[in-house]
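Written below as structure tokens is the structure these notes are about.
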Amino acid sequence: MSTLQNLLSNDPALEAACRAFAVPDRVHATAQEVAFLATATCSRLKVDAQDIVYWTLGNGPRVLLVHGWCSRGSHLMGFVEPLLAAGFSVVLFDAPAHGDSEGVVSSMIHAGRTALALAQALGDFHSLISHSGGSTAALWALANGLSVEKSVHISGPSSMKQVVIGSARAHGLDDTQAQAFQRWAEAFTRVSLDSADLPALTARLSHQGLIVHDAGDRVVSLAQSQALQSAWPNSTLVITEGLGHRRILSAPQAITTIVGFLPIER
């Protein structure tokens, strides 16, 4: 926990906000997920001196799956069989401090750096599918050198800056505390909040994007995806009904729409 202790003050409210931002609950795989992961090739990659666990399946152009906060790569396993059937190979990973990967602290930027490290180790990805905070991580990686032909962003915040502002508000921080929290977040992630805000995240996006969000999502507001679509001319927004924030990952209609968006050009 020293990474946090070196940055925190003695302000309990500020410390609570920092811990909520940086320390995810580690989710363990279900029996079904364990059985699924046993069918994949498991590997490890050092990222910032920590072991990151990732899995690969199939042959063909690679699709990267990027999970969200307090989640794990196997939560996106519903996409794998349809992607393999469509001729893709799949790479999924557990972000730092998530699932089977090492670490205590993490962030969207940590996950984004992991995506960049995987691209460097494995080669280019044809496309990516991301969910929730993983969408923001993917956007940051795309703004910082990750190249894909298409990307899918499911139920994600439009920027890390907005997450920081929202976290400060949720923890009842006053203006002085909120400014201290923002400075802390920049020191912790080693990026400026402006570089993780919507204008910077979408400035270089030229590939086709698909944004999927449920109208009744109670975790991330639909307005976040609407803002992303407005800032990204080459993107399409699909709004679902009745799937919420997490059920959308296993809904057949959503999976069919998303995989259908990623055809391999013959």
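Residues in the structure tokens are named by chain (A, B, ... in the order shown) and by number from 1 within that chain; ligands are numbered from 1 in the order shown.
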Surrounding residues of A:Gly78 excluding itself and chain neighbours under 6 positions, 9 Å, only C-alpha atoms, as an NGL selection string:
:A and (249-252 or 255)
Selection file, all heavy atoms, as a PDB file, in the first residue's frame:
ATOM      1  N   LEU A 249     -23.082  -7.676 -21.349  1.00  0.00           N
ATOM      2  CA  LEU A 249     -21.933  -8.466 -21.801  1.00  0.00           C
ATOM      3  C   LEU A 249     -22.309  -9.893 -22.191  1.00  0.00           C
ATOM      4  O   LEU A 249     -21.537 -10.561 -22.896  1.00  0.00           O
ATOM      5  CB  LEU A 249     -20.859  -8.512 -20.709  1.00  0.00           C
ATOM      6  CG  LEU A 249     -20.184  -7.186 -20.369  1.00  0.00           C
ATOM      7  CD1 LEU A 249     -19.169  -7.391 -19.256  1.00  0.00           C
ATOM      8  CD2 LEU A 249     -19.509  -6.590 -21.601  1.00  0.00           C
ATOM      9  N   SER A 250     -23.449 -10.363 -21.730  1.00  0.00           N
ATOM     10  CA  SER A 250     -23.859 -11.729 -22.055  1.00  0.00           C
ATOM     11  C   SER A 250     -25.134 -11.779 -22.886  1.00  0.00           C
ATOM     12  O   SER A 250     -25.625 -12.865 -23.208  1.00  0.00           O
ATOM     13  CB  SER A 250     -24.056 -12.542 -20.769  1.00  0.00           C
ATOM     14  OG  SER A 250     -25.011 -11.929 -19.921  1.00  0.00           O
ATOM     15  N   ALA A 251     -25.668 -10.619 -23.245  1.00  0.00           N
ATOM     16  CA  ALA A 251     -26.911 -10.575 -24.014  1.00  0.00           C
ATOM     17  C   ALA A 251     -26.651 -10.974 -25.462  1.00  0.00           C
ATOM     18  O   ALA A 251     -25.826 -10.344 -26.136  1.00  0.00           O
ATOM     19  CB  ALA A 251     -27.510  -9.172 -23.968  1.00  0.00           C
ATOM     20  N   PRO A 252     -27.321 -12.014 -25.971  1.00  0.00           N
ATOM     21  CA  PRO A 252     -27.065 -12.469 -27.341  1.00  0.00           C
ATOM     22  C   PRO A 252     -27.202 -11.382 -28.393  1.00  0.00           C
ATOM     23  O   PRO A 252     -26.396 -11.309 -29.329  1.00  0.00           O
ATOM     24  CB  PRO A 252     -28.101 -13.585 -27.545  1.00  0.00           C
ATOM     25  CG  PRO A 252     -28.382 -14.085 -26.167  1.00  0.00           C
ATOM     26  CD  PRO A 252     -28.305 -12.876 -25.279  1.00  0.00           C
ATOM     27  N   ILE A 255     -24.109  -9.133 -28.251  1.00  0.00           N
ATOM     28  CA  ILE A 255     -22.922  -9.840 -28.758  1.00  0.00           C
ATOM     29  C   ILE A 255     -22.983  -9.955 -30.274  1.00  0.00           C
ATOM     30  O   ILE A 255     -21.979  -9.724 -30.968  1.00  0.00           O
ATOM     31  CB  ILE A 255     -22.806 -11.220 -28.092  1.00  0.00           C
ATOM     32  CG1 ILE A 255     -22.498 -11.060 -26.603  1.00  0.00           C
ATOM     33  CG2 ILE A 255     -21.724 -12.058 -28.784  1.00  0.00           C
ATOM     34  CD1 ILE A 255     -22.540 -12.361 -25.816  1.00  0.00           C
TER      35      ILE A 255
END
Could you write out, as a ChimeraX atom specification, all the residues of stretch 21-183 of chain A that DSSP marks as alpha helix (DSSP H)?
/A:21-22,31-37,80-85,108-122,133-143,160-170,175-183
Atomic distance atom CA of A:His98 - atom CA of A:Phe21, expressed in Å with one decimal:
13.6 Å
Using only C-alpha atoms, which residues sit within 12 Å of A:Ser221 once same-chain residues fewer than 4 positions away are excluded, as a short mmCIF file (atom, residue, chain, number, x, y, z; two decimals) with N, CA and C atoms, in the first residue's frame?
data_model
loop_
_atom_site.label_atom_id
_atom_site.label_comp_id
_atom_site.auth_asym_id
_atom_site.auth_seq_id
_atom_site.Cartn_x
_atom_site.Cartn_y
_atom_site.Cartn_z
N SER A 132 -17.03 -0.62 -19.82
CA SER A 132 -17.01 0.24 -18.65
C SER A 132 -15.69 1.02 -18.58
N ILE A 154 -18.30 -0.31 -24.73
CA ILE A 154 -19.57 -0.69 -24.12
C ILE A 154 -19.70 -0.03 -22.74
N SER A 155 -20.71 0.79 -22.58
CA SER A 155 -21.10 1.31 -21.26
C SER A 155 -19.96 1.98 -20.52
N GLY A 156 -19.17 2.78 -21.22
CA GLY A 156 -17.99 3.36 -20.60
C GLY A 156 -18.10 4.83 -20.30
N PRO A 157 -17.35 5.30 -19.28
CA PRO A 157 -17.21 6.74 -19.07
C PRO A 157 -16.50 7.37 -20.26
N SER A 158 -16.82 8.61 -20.56
CA SER A 158 -16.22 9.25 -21.73
C SER A 158 -14.81 9.73 -21.48
N GLN A 162 -13.55 13.02 -16.18
CA GLN A 162 -14.91 13.05 -15.67
C GLN A 162 -15.10 12.07 -14.52
N VAL A 163 -14.38 10.94 -14.54
CA VAL A 163 -14.44 10.00 -13.44
C VAL A 163 -13.88 10.63 -12.17
N GLY A 166 -16.32 13.20 -10.92
CA GLY A 166 -17.47 12.52 -10.34
C GLY A 166 -17.14 11.87 -8.99
N VAL A 212 -21.86 1.12 -27.52
CA VAL A 212 -23.08 0.42 -27.12
C VAL A 212 -23.35 0.76 -25.66
N HIS A 213 -24.59 1.15 -25.38
CA HIS A 213 -24.92 1.56 -24.00
C HIS A 213 -26.40 1.29 -23.76
N ASP A 214 -26.71 0.82 -22.57
CA ASP A 214 -28.11 0.58 -22.24
C ASP A 214 -28.75 1.84 -21.66
N ALA A 215 -29.97 2.10 -22.07
CA ALA A 215 -30.66 3.30 -21.62
C ALA A 215 -30.87 3.31 -20.11
N GLY A 216 -30.99 2.12 -19.51
CA GLY A 216 -31.25 2.03 -18.08
C GLY A 216 -30.01 1.77 -17.24
N ASP A 217 -28.83 1.97 -17.80
CA ASP A 217 -27.58 1.74 -17.06
C ASP A 217 -27.54 2.65 -15.83
N SER A 225 -21.76 7.95 -23.14
CA SER A 225 -21.57 7.41 -24.49
C SER A 225 -22.08 8.37 -25.55
N GLN A 226 -23.13 9.11 -25.23
CA GLN A 226 -23.62 10.11 -26.18
C GLN A 226 -22.56 11.20 -26.40
N ALA A 227 -21.86 11.58 -25.34
CA ALA A 227 -20.79 12.58 -25.47
C ALA A 227 -19.64 12.03 -26.31
N LEU A 228 -19.31 10.76 -26.10
CA LEU A 228 -18.24 10.13 -26.88
C LEU A 228 -18.62 10.09 -28.36
N ILE A 239 -28.17 2.03 -28.74
CA ILE A 239 -28.76 2.09 -27.41
C ILE A 239 -29.64 0.87 -27.21
N GLY A 244 -28.99 -3.19 -18.68
CA GLY A 244 -28.20 -2.65 -17.59
C GLY A 244 -26.73 -2.51 -17.93
N HIS A 245 -25.91 -2.45 -16.88
CA HIS A 245 -24.46 -2.20 -17.06
C HIS A 245 -23.68 -3.48 -17.31
#
Quick one: pick out all strand (DSSP E or B) residues within stretch 20-265 of chain A from a backbone DSSP run and write them as a PyMOL selection string.
chain A and resi 41-47+50-57+62-66+89-93+127-131+150-154+208-214+235-240
Just N, CA and C atoms for this one: save the residues we selected as a compact mmCIF listing (two decimals), in the first residue's frame.
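So the final result, stored in selection_9.txt, reads:
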# COMPACT_ATOMS: atom_id res chain seq x y z
N THR A 41 -4.59 -20.45 -23.86
CA THR A 41 -3.18 -20.44 -23.52
C THR A 41 -2.90 -19.28 -22.59
N CYS A 42 -2.40 -19.59 -21.39
CA CYS A 42 -2.16 -18.57 -20.38
C CYS A 42 -0.70 -18.14 -20.41
N SER A 43 -0.45 -16.84 -20.39
CA SER A 43 0.91 -16.30 -20.42
C SER A 43 1.02 -15.16 -19.43
N ARG A 44 2.25 -14.71 -19.20
CA ARG A 44 2.49 -13.58 -18.30
C ARG A 44 3.39 -12.56 -18.98
N LEU A 45 3.17 -11.31 -18.66
CA LEU A 45 3.95 -10.22 -19.22
C LEU A 45 4.26 -9.22 -18.12
N LYS A 46 5.52 -8.79 -18.04
CA LYS A 46 5.89 -7.79 -17.05
C LYS A 46 5.49 -6.40 -17.54
N VAL A 47 4.69 -5.72 -16.75
CA VAL A 47 4.30 -4.35 -17.03
C VAL A 47 4.54 -3.55 -15.75
N GLN A 50 5.36 -5.67 -12.76
CA GLN A 50 4.36 -6.57 -12.21
C GLN A 50 3.96 -7.60 -13.26
N ASP A 51 3.65 -8.81 -12.80
CA ASP A 51 3.18 -9.86 -13.69
C ASP A 51 1.73 -9.62 -14.08
N ILE A 52 1.50 -9.44 -15.37
CA ILE A 52 0.16 -9.33 -15.91
C ILE A 52 -0.18 -10.66 -16.59
N VAL A 53 -1.32 -11.22 -16.23
CA VAL A 53 -1.74 -12.50 -16.80
C VAL A 53 -2.66 -12.23 -17.99
N TYR A 54 -2.37 -12.93 -19.10
CA TYR A 54 -3.25 -12.80 -20.27
C TYR A 54 -3.44 -14.16 -20.92
N TRP A 55 -4.50 -14.27 -21.70
CA TRP A 55 -4.86 -15.53 -22.33
C TRP A 55 -5.07 -15.29 -23.83
N THR A 56 -4.72 -16.28 -24.62
CA THR A 56 -4.93 -16.21 -26.07
C THR A 56 -5.70 -17.45 -26.53
N LEU A 57 -6.54 -17.24 -27.53
CA LEU A 57 -7.33 -18.32 -28.11
C LEU A 57 -7.44 -18.11 -29.61
N ARG A 62 -6.11 -10.54 -34.48
CA ARG A 62 -6.31 -10.50 -33.03
C ARG A 62 -7.33 -9.44 -32.62
N VAL A 63 -8.19 -9.83 -31.69
CA VAL A 63 -9.12 -8.91 -31.03
C VAL A 63 -8.75 -8.86 -29.55
N LEU A 64 -8.56 -7.68 -29.03
CA LEU A 64 -8.23 -7.49 -27.62
C LEU A 64 -9.50 -7.18 -26.85
N LEU A 65 -9.70 -7.89 -25.74
CA LEU A 65 -10.83 -7.64 -24.86
C LEU A 65 -10.33 -6.90 -23.61
N VAL A 66 -10.96 -5.78 -23.29
CA VAL A 66 -10.51 -4.93 -22.18
C VAL A 66 -11.65 -4.80 -21.16
N SER A 89 -8.70 -14.37 -33.71
CA SER A 89 -8.13 -14.86 -32.46
C SER A 89 -8.44 -13.82 -31.39
N VAL A 90 -8.34 -14.23 -30.13
CA VAL A 90 -8.75 -13.37 -29.03
C VAL A 90 -7.65 -13.30 -27.99
N VAL A 91 -7.43 -12.10 -27.48
CA VAL A 91 -6.53 -11.88 -26.36
C VAL A 91 -7.33 -11.19 -25.26
N LEU A 92 -7.32 -11.77 -24.08
CA LEU A 92 -7.93 -11.13 -22.93
C LEU A 92 -6.94 -11.14 -21.78
N PHE A 93 -7.07 -10.17 -20.88
CA PHE A 93 -6.09 -10.03 -19.81
C PHE A 93 -6.76 -9.52 -18.55
N SER A 127 -8.68 -5.28 -33.80
CA SER A 127 -9.73 -4.51 -33.18
C SER A 127 -9.74 -4.78 -31.68
N LEU A 128 -10.60 -4.07 -30.99
CA LEU A 128 -10.74 -4.30 -29.55
C LEU A 128 -12.19 -4.12 -29.15
N ILE A 129 -12.54 -4.79 -28.06
CA ILE A 129 -13.86 -4.66 -27.44
C ILE A 129 -13.60 -4.32 -25.98
N SER A 130 -14.21 -3.25 -25.50
CA SER A 130 -13.95 -2.78 -24.14
C SER A 130 -15.25 -2.51 -23.41
N HIS A 131 -15.20 -2.64 -22.08
CA HIS A 131 -16.40 -2.44 -21.27
C HIS A 131 -16.11 -1.53 -20.10
N LYS A 150 -10.86 -1.23 -35.94
CA LYS A 150 -12.17 -0.92 -35.38
C LYS A 150 -12.11 -1.11 -33.87
N SER A 151 -12.95 -0.36 -33.15
CA SER A 151 -13.03 -0.58 -31.71
C SER A 151 -14.46 -0.44 -31.24
N VAL A 152 -14.77 -1.19 -30.17
CA VAL A 152 -16.11 -1.21 -29.59
C VAL A 152 -15.99 -0.77 -28.14
N HIS A 153 -16.90 0.12 -27.73
CA HIS A 153 -16.86 0.69 -26.39
C HIS A 153 -18.25 0.53 -25.77
N ILE A 154 -18.30 -0.31 -24.73
CA ILE A 154 -19.57 -0.69 -24.12
C ILE A 154 -19.70 -0.03 -22.74
N GLN A 208 -13.17 3.26 -37.44
CA GLN A 208 -14.59 3.13 -37.15
C GLN A 208 -14.80 2.67 -35.71
N GLY A 209 -15.75 3.28 -35.05
CA GLY A 209 -16.06 2.89 -33.68
C GLY A 209 -17.52 2.55 -33.52
N LEU A 210 -17.78 1.59 -32.64
CA LEU A 210 -19.15 1.24 -32.26
C LEU A 210 -19.27 1.45 -30.75
N ILE A 211 -20.25 2.23 -30.36
CA ILE A 211 -20.50 2.53 -28.95
C ILE A 211 -21.85 1.92 -28.59
N VAL A 212 -21.86 1.12 -27.52
CA VAL A 212 -23.08 0.42 -27.12
C VAL A 212 -23.35 0.76 -25.66
N HIS A 213 -24.59 1.15 -25.38
CA HIS A 213 -24.92 1.56 -24.00
C HIS A 213 -26.40 1.29 -23.76
N ASP A 214 -26.71 0.82 -22.57
CA ASP A 214 -28.11 0.58 -22.24
C ASP A 214 -28.75 1.84 -21.66
N SER A 235 -18.06 7.23 -35.55
CA SER A 235 -18.59 6.24 -34.63
C SER A 235 -20.11 6.18 -34.72
N THR A 236 -20.65 5.04 -34.26
CA THR A 236 -22.09 4.81 -34.23
C THR A 236 -22.49 4.43 -32.82
N LEU A 237 -23.58 4.98 -32.33
CA LEU A 237 -24.08 4.65 -31.01
C LEU A 237 -25.31 3.76 -31.13
N VAL A 238 -25.26 2.62 -30.45
CA VAL A 238 -26.40 1.70 -30.38
C VAL A 238 -26.89 1.71 -28.94
N ILE A 239 -28.17 2.03 -28.74
CA ILE A 239 -28.76 2.09 -27.41
C ILE A 239 -29.64 0.87 -27.21
N THR A 240 -29.35 0.09 -26.16
CA THR A 240 -30.14 -1.09 -25.85
C THR A 240 -31.14 -0.76 -24.73
A:Arg113 environment, 8 Å, only C-alpha atoms, sequence neighbours closer than 3 positions dropped, as a list in words
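Counting only the stated atoms, we get Val47, Ile109, His110, Leu116, Ala117 and Ala141 of chain A.
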Keeping only N, CA, C and O atoms, write the selected residues to a file as a PDB file, in the first residue's frame.
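Generated file (part-v2.pdb):
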ATOM      1  N   VAL A  47       4.691  -5.722 -16.746  1.00  0.00           N
ATOM      2  CA  VAL A  47       4.301  -4.345 -17.031  1.00  0.00           C
ATOM      3  C   VAL A  47       4.538  -3.549 -15.747  1.00  0.00           C
ATOM      4  O   VAL A  47       3.944  -3.852 -14.714  1.00  0.00           O
ATOM      5  N   ILE A 109      -5.606   4.225 -16.505  1.00  0.00           N
ATOM      6  CA  ILE A 109      -4.333   4.438 -17.198  1.00  0.00           C
ATOM      7  C   ILE A 109      -3.447   3.225 -17.048  1.00  0.00           C
ATOM      8  O   ILE A 109      -2.756   2.825 -18.004  1.00  0.00           O
ATOM      9  N   HIS A 110      -3.454   2.579 -15.883  1.00  0.00           N
ATOM     10  CA  HIS A 110      -2.701   1.341 -15.709  1.00  0.00           C
ATOM     11  C   HIS A 110      -3.178   0.291 -16.725  1.00  0.00           C
ATOM     12  O   HIS A 110      -2.370  -0.403 -17.352  1.00  0.00           O
ATOM     13  N   LEU A 116      -1.156  -1.294 -24.259  1.00  0.00           N
ATOM     14  CA  LEU A 116      -0.022  -0.899 -25.101  1.00  0.00           C
ATOM     15  C   LEU A 116       1.109  -1.913 -25.003  1.00  0.00           C
ATOM     16  O   LEU A 116       1.739  -2.251 -26.022  1.00  0.00           O
ATOM     17  N   ALA A 117       1.373  -2.425 -23.805  1.00  0.00           N
ATOM     18  CA  ALA A 117       2.441  -3.409 -23.624  1.00  0.00           C
ATOM     19  C   ALA A 117       2.110  -4.714 -24.342  1.00  0.00           C
ATOM     20  O   ALA A 117       2.987  -5.358 -24.931  1.00  0.00           O
ATOM     21  N   ALA A 141      -5.275   4.394 -24.507  1.00  0.00           N
ATOM     22  CA  ALA A 141      -4.256   3.649 -25.252  1.00  0.00           C
ATOM     23  C   ALA A 141      -4.279   4.026 -26.730  1.00  0.00           C
ATOM     24  O   ALA A 141      -3.223   4.184 -27.366  1.00  0.00           O
TER      25      ALA A 141
END
For A:Ala168, which residue among A:Phe181, A:Trp140, A:Phe88, A:Phe79 is the nearest when counting only C-alpha atoms?
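The shortest atom-to-atom distance to A:Ala168 comes from A:Phe181.
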Please determine, counting only C-alpha atoms, which residue among A:Val27, A:Gly87, A:Leu142, A:Val80 has the shortest atom-to-atom distance to A:Ser101.
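Distance minimum relative to A:Ser101 lands on A:Val27.
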Atom CA of A:Ser74 to atom CA of A:Gln32, straight-line distance in Å:
9.5 Å
